[in-house]
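J.: Shown below is the structure under consideration.
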Amino acid sequence: MSIIRMPRRSFISGTTALAGLAGGALQLSAAEDLPKLPTTREKCPLGLAEFFRYIVPRRASEGLNGIYLGETSPTEKRKTYGTIYGGAVEDANVAWVAAAAFRYDWSPLHHNELLKKRAFLLLDSISRIRASGKWDDGGLDAYFGVHSLAWAVLEWIETGAVDEPRARVWRDAVARAADDGLVCLHYGPYRPSALTGQYANPEFYFLSGLAAAWKLTGNTRYRDEAAAALRRYDDWLFPGGGMAYFLGSSPQHGYQQMIVKSVALYWDLTHDERAMDFLKRLTPYFPNVQHPSGLVTDAEQPQLKHTVFNVINPAAPAMLACLLGDGPNRQAADVATRLMADNVDNRPPSFAKGGYTWYNYQSTTYAAAALRIMQHSPLPPAMAQQARRVFMDQSFRGVRSHWDAFTAATTTRQMSDSLAGAYLADTKEPVMPLDSAVDGVYFEVRQGPKPTEYRCVEWTPTTTYATAEDFASVSCVSRLCEAYWGEMTERMSDWVSIQHWAVWRDCLIGFGALRCVAPGGDARTKDTARVRWRLSPQGRKLDVIEQTASSLQFRYGGLQTKLVCLEQKGGFQFAPAEITEAPRAAWTPLLTRSAPWSSGDYLHVATIVQPANSSANLQIKPMKNGAAVAAVEPDGRKAYVWTVNLHRQLQQYMLDLPSNVTVSTYKRDVKLPGVPPGEPANAGLVGGESALWVLDAKSPLDPAQLLSGLKPGKSR
């Protein structure tokens, strides 16, 4: 590493009084006393511990060098002497990172006096600007500011390098911020906020900041409030390790990381047994969401966070690995480090020209937190997850698949705008190994002079499951509503969406329906009901294999996708009519229906996404008010027949069984009683349900023959 330890030097006199702190007793160094710290241009290492030890001193130097010292007349009002961001939370993050770079003897900035002088100027300035304790009047920074400032001050005081008058002022700034944050949390001493216990990420950041404030001040109220905040969220932690992002919505990767970091730091100070139990329950999350390539399946994220190039901050799973001796989390951290190193060095992902998140100072506080944990809990050996997994993840009420280079995720949680996505990794790509993706399938309506997009799942969708070993499916019935966040929307479209998604081996299989429940739509405003398949990355060549009036089969990158219009009423059609060129930003495969529309118009559609070289053997079949797929394992002796109801009313389907076949039936995630000999398998499905038959045979089975024996029965 090319950071060179600066020799000690005599700082020339010339100081600026820090008004408002300890009666003006503290002094700020003048600009000419603070030359910039040396920085490194060496390539970021790929090892986990080496990454933490690299990024902390690097970001400390880069951040502290950005302090505004009044060298020139400020051209922006936001420039404030002694800060980088005018006393914002990110300023406190820089100070925290600097403390970590200062305290460890392996750091090239260990006990560096120039670093200390710049960091003290920064914390002095923050304490002056935030002397009232207010970071954000009731907003999120009222929580985030306490987290970052308290940990920056605690880390610096623990080094033993802070003089007592300065430490007293910093402690007072932390206490005032904590007190103000508690007012925001409770909206007064007796009435709790409506969001208390329902918005995990700011409250968890706050609880770890309160723990640090307790350690700094000895005020036990801070520790007690932190313990209470942890316990408020016990019921919000889903099986599978995911914490609700907001109210009862899906987990979100970035905020999940915040929760892990905060609980780990809280435990480090308090050794609260409930915190360790909480960390154990968080453990499955990162190994589940991260594909072995490093891709993070994202179908569970709320609509405002939909993206395909998330990378896990490696410090979050590293802290879980250290504290719990968990090998899969160590593996997830190792994989994430290799991808994050490219981000740190400003090498963009292979499939994007911009938009990816810089590994900023807030991100680097995770590395500082991990280094703190690693002092007493070393990293365990990595343990790779099973390469071929298909499983239900209750953290987002959906299916996940990690099948070699193929991965898929489907969800049914509220606020989602796309329930399904499928991705193919390119193991030869060193930056961000995404080969290609169908990263969203959208059932949506655009309506109005300024088009409102009705595409989200409502707050309380009807969901069911039908799963067995190596096959998992989820079904969702929902009105289509406008995009919303936080409060539930009351704006609903005239259309209902019924979606069924399953993953088997390296195949994502979907059946869906759009059904109009009231006449509407205006041709003058180009109102449209449609199903839209979004492809990533944009601009790669799309090769059409076959296109007819009712189907479209194409290859995009390494993925092959088949779209079939099974049944319809109302004139749905594929658009554009002829697909001859690679997609651009504004183009995607569509099944569209222009306004006006009538009650009873509907569309049934099937989607199959799989690698182009997949050996999967499957067939689909439209049914009365439903559809089915038969999928046969490569040896031909095991088959899955999945039947779905695409209507809101009861449907019955019966399957004639070949001789010498045993069958198991699964519905609503329950294995049903066996089928008597000589009788057909029978499934009665209420609105939006599905059923799965698993057949074991002594001789090879054929999917087409199986579907020929599937017939509709009674319906309502």
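FYI, nothing fancy with the structure tokens labels: chains A, B, ... in order, residues from 1 per chain, ligands from 1 as they appear.
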What's the 9 Å shell around A:Gln198, counting only C-alpha atoms, without same-chain residues fewer than 4 positions away, as a tab-separated table (two decimals) with C-alpha atoms, in the first residue's frame?

T.:
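The new file out16.tsv reads:
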```tsv
chain	number	residue	atom	x	y	z
A	194	ALA	CA	-47.10	5.97	14.85
A	203	GLU	CA	-34.80	2.68	14.58
A	232	ARG	CA	-40.13	-4.07	19.49
A	233	TYR	CA	-39.05	-5.78	16.28
A	236	TRP	CA	-41.06	-8.33	12.37
A	244	ALA	CA	-39.48	-5.98	7.05
A	245	TYR	CA	-38.34	-2.85	5.25
A	246	PHE	CA	-41.36	-0.74	6.18
A	247	LEU	CA	-44.50	-1.87	7.96
A	248	GLY	CA	-44.98	-5.46	6.73
```

J.: Might you pull out every residue within 9 Å of A:Ala150, with only C-alpha atoms counted and same-chain residues fewer than 4 positions away left off, and present them as a PDB file with C-alpha atoms, in the first residue's frame?

T.:
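File selection_23.pdb, as written:
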```pdb
ATOM      1  CA  ALA A  92     -19.696  11.982  11.249  1.00  0.00           C
ATOM      2  CA  TRP A  96     -15.742   7.387  12.582  1.00  0.00           C
ATOM      3  CA  GLY A 145     -27.019  11.304  13.181  1.00  0.00           C
ATOM      4  CA  VAL A 146     -26.968   9.750  16.658  1.00  0.00           C
ATOM      5  CA  LEU A 154     -16.750   6.542  21.173  1.00  0.00           C
ATOM      6  CA  GLU A 155     -14.112   5.160  18.790  1.00  0.00           C
ATOM      7  CA  TRP A 170     -18.275  15.759  22.235  1.00  0.00           C
ATOM      8  CA  ARG A 171     -20.110  13.719  24.867  1.00  0.00           C
ATOM      9  CA  ALA A 173     -23.187  16.810  21.670  1.00  0.00           C
ATOM     10  CA  VAL A 174     -23.951  13.073  21.636  1.00  0.00           C
ATOM     11  CA  ALA A 175     -26.245  13.350  24.658  1.00  0.00           C
ATOM     12  CA  ALA A 177     -28.581  14.375  19.865  1.00  0.00           C
ATOM     13  CA  ALA A 178     -29.755  11.236  21.686  1.00  0.00           C
ATOM     14  CA  SER A 208     -26.881   1.169  18.336  1.00  0.00           C
ATOM     15  CA  GLY A 209     -26.255   4.920  18.591  1.00  0.00           C
ATOM     16  CA  LEU A 210     -28.116   4.944  21.920  1.00  0.00           C
ATOM     17  CA  ALA A 211     -25.921   2.089  23.149  1.00  0.00           C
ATOM     18  CA  ALA A 212     -22.816   4.115  22.274  1.00  0.00           C
ATOM     19  CA  ALA A 213     -24.345   7.184  23.970  1.00  0.00           C
ATOM     20  CA  LEU A 216     -20.088   7.549  26.641  1.00  0.00           C
TER      21      LEU A 216
END
```

J.: Of the candidates A:Asp179, A:Glu469, A:Asp417, A:Asp439, which one gets nearest to A:Gly133 if we count only C-alpha atoms?

T.: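 Going through A:Asp179, A:Glu469, A:Asp417, A:Asp439 one by one, the smallest distance to A:Gly133 is for A:Asp179.
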
J.: List the spatial neighbours of A:Ala513 as a ChimeraX atom specification - criterion: any atom at most 9 Å away, only C-alpha atoms, same-chain residues fewer than 6 positions off excluded.

T.: /A:443,496-499,602-605,646-647

J.: Hey, which of A:Met492, A:Met383, A:Met276, A:Leu424 ends up closest to A:Ser293? Count only C-alpha atoms.

T.: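 Looking only at the distances to A:Ser293, the closest residue turns out to be A:Leu424.
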
J.: I'd like to know which residues of stretch 445-541 of chain A are strand (DSSP E or B) (by DSSP, run on the backbone); could you write them as JSON, numbers by chain?

T.: {"A": [445, 446, 447, 452, 453, 454, 455, 456, 457, 462, 463, 464, 465, 468, 471, 472, 473, 474, 475, 476, 477, 478, 479, 480, 481, 482, 492, 493, 494, 495, 496, 497, 498, 499, 500, 501, 502, 503, 504, 507, 508, 509, 510, 511, 512, 513, 514, 515, 516, 520, 528, 529, 530, 531, 532, 533, 534, 535, 536]}

J.: Extract, using only C-alpha atoms, all DNA, RNA and protein residues at most 9 Å from A:Val260, discarding same-chain residues fewer than 6 positions from it, and format them as a ChimeraX atom specification.

T.: /A:204,279,282,316-317,319-320

J.: Please, could you write that set of residues out with N, CA and C atoms as a CSV table (one decimal), in the first residue's frame?

T.:
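Done, and the output landed in out28.csv:
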```csv
chain,number,residue,atom,x,y,z
A,204,PHE,N,-33.2,0.9,14.2
A,204,PHE,CA,-32.1,0.0,14.5
A,204,PHE,C,-30.8,0.8,14.5
A,279,LEU,N,-29.2,-11.9,16.1
A,279,LEU,CA,-28.2,-12.2,15.1
A,279,LEU,C,-28.3,-13.6,14.5
A,282,LEU,N,-31.0,-13.7,12.0
A,282,LEU,CA,-30.7,-12.9,10.8
A,282,LEU,C,-29.7,-13.7,9.9
A,316,ALA,N,-21.3,-6.8,6.3
A,316,ALA,CA,-22.5,-7.2,7.0
A,316,ALA,C,-22.5,-8.7,7.3
A,317,PRO,N,-22.3,-9.6,6.2
A,317,PRO,CA,-22.2,-11.0,6.5
A,317,PRO,C,-20.9,-11.4,7.2
A,319,MET,N,-19.7,-9.8,9.8
A,319,MET,CA,-19.9,-9.6,11.2
A,319,MET,C,-20.8,-10.8,11.7
A,320,LEU,N,-21.7,-11.3,10.9
A,320,LEU,CA,-22.5,-12.5,11.3
A,320,LEU,C,-21.5,-13.7,11.3
```

J.: Considering only C-alpha atoms, give me a table of residues in stretch 406-502 of chain A that are at most 12 Å from stretch 535-538 of chain A, with the closest atom pair and distance in Å for each, as a Markdown table.

T.:
```
| residue | atom | partner | partner_atom | distance |
| --- | --- | --- | --- | --- |
| A:Gly421 | CA | A:Leu535 | CA | 9.7 |
| A:Ala422 | CA | A:Leu535 | CA | 9.8 |
| A:Tyr423 | CA | A:Ser536 | CA | 8.9 |
| A:Leu424 | CA | A:Ser536 | CA | 10.3 |
| A:Ala425 | CA | A:Ser536 | CA | 11.9 |
| A:Met432 | CA | A:Pro537 | CA | 11.7 |
| A:Pro433 | CA | A:Pro537 | CA | 11.4 |
| A:Leu434 | CA | A:Pro537 | CA | 8.2 |
| A:Asp435 | CA | A:Pro537 | CA | 8.1 |
| A:Ser436 | CA | A:Ser536 | CA | 5.7 |
| A:Ala437 | CA | A:Ser536 | CA | 5.0 |
| A:Val438 | CA | A:Leu535 | CA | 4.7 |
| A:Asp439 | CA | A:Leu535 | CA | 6.0 |
| A:Gly440 | CA | A:Leu535 | CA | 7.5 |
| A:Val441 | CA | A:Leu535 | CA | 9.3 |
| A:Tyr442 | CA | A:Leu535 | CA | 11.6 |
```

J.: Distance atom CA of A:Cys322-atom CA of A:Glu158, one decimal place?

T.: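 Taking atom CA of A:Cys322 as the start and atom CA of A:Glu158 as the end point, the length is 21.9 Å.
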
J.: If you count only C-alpha atoms, which residues fall within 12 Å of A:Thr364, apart from same-chain ones fewer than 6 positions away, as a PyMOL selection string?

T.: chain A and resi 51-60+62-63+90+92-101+148+261+313-316+340+344+358+370-371

J.: With only C-alpha atoms as the atoms that count, which of A:Met258, A:Val609, A:Leu121, A:Val474 lies nearest to A:Arg555?

T.: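 Of A:Met258, A:Val609, A:Leu121, A:Val474, the one nearest A:Arg555, counting only C-alpha atoms, is A:Val609.
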
J.: To one decimal place, how far is atom CA of A:Phe206 from atom CA of A:Phe144 in Å?

T.: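 Atom CA of A:Phe206 sits 6.3 Å away from atom CA of A:Phe144.
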
J.: From the set A:Val694, A:Ala627, A:Val686, A:Val162, which residue has the shortest atom-to-atom contact distance to A:Gly674, counting only C-alpha atoms?

T.: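 Using only C-alpha atoms, A:Gly674 sits closest to A:Val694.
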
J.: For the atom pair atom CA of A:Val169 and atom CA of A:Gly181, what is the interatomic distance in Å to one decimal place?

T.: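 So the two atoms, atom CA of A:Val169 and atom CA of A:Gly181, lie 18.4 Å apart.
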
J.: Set the distance at 10 Å and use only C-alpha atoms: which residues neighbour A:Leu324 once local chain neighbours fewer than 5 positions away are removed? I'd like the list as JSON, numbers by chain.

T.: {"A": [276, 279, 280, 283, 318, 319, 329, 377, 379, 380]}

J.: Generate a file of the selected residues that holds C-alpha atoms, formatted as a compact mmCIF listing (two decimals), in the first residue's frame.

T.:
```txt
# COMPACT_ATOMS: atom_id res chain seq x y z
CA MET A 276 -27.21 -12.53 19.99
CA LEU A 279 -28.24 -12.15 15.09
CA LYS A 280 -28.73 -15.93 14.90
CA THR A 283 -28.02 -15.46 9.72
CA ALA A 318 -18.63 -10.85 7.83
CA MET A 319 -19.95 -9.63 11.20
CA ASN A 329 -21.93 -15.90 5.68
CA SER A 377 -14.24 -12.83 17.12
CA LEU A 379 -13.41 -14.95 10.81
CA PRO A 380 -14.38 -18.63 10.43
```

J.: Calculated over only C-alpha atoms, which of the candidates A:Pro622, A:Pro611, A:Pro239, A:Pro589 has the smallest distance to A:Lys711?

T.: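 Checking each of A:Pro622, A:Pro611, A:Pro239, A:Pro589 against A:Lys711, counting only C-alpha atoms, the winner is A:Pro622.
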
J.: Using only C-alpha atoms, find the one residue out of A:Leu566, A:Val517, A:Ala49, A:Val641 that sits nearest to A:Leu692.

T.: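 Answer, going by the shortest atom-to-atom distance: A:Val641.
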
J.: Would you kindly return, as a short mmCIF file (atom, residue, chain, number, x, y, z; two decimals) with C-alpha atoms, in the first residue's frame, each protein, DNA or RNA residue with an atom no farther than 8 Å from any atom of A:Gly294, considering only C-alpha atoms and excluding same-chain residues fewer than 4 positions away?

T.:
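Okay, this is what ended up in part.cif:
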```cif
data_model
loop_
_atom_site.label_atom_id
_atom_site.label_comp_id
_atom_site.auth_asym_id
_atom_site.auth_seq_id
_atom_site.Cartn_x
_atom_site.Cartn_y
_atom_site.Cartn_z
CA GLN A 290 -26.77 -13.96 -2.89
CA VAL A 311 -23.80 -5.95 -4.25
CA ALA A 332 -21.08 -14.56 1.04
CA VAL A 335 -17.82 -13.27 -2.88
CA ALA A 336 -19.13 -9.76 -2.23
CA LEU A 339 -17.23 -7.58 -6.63
CA MET A 432 -20.17 -8.05 -12.21
CA PRO A 433 -21.06 -11.38 -13.72
#
```
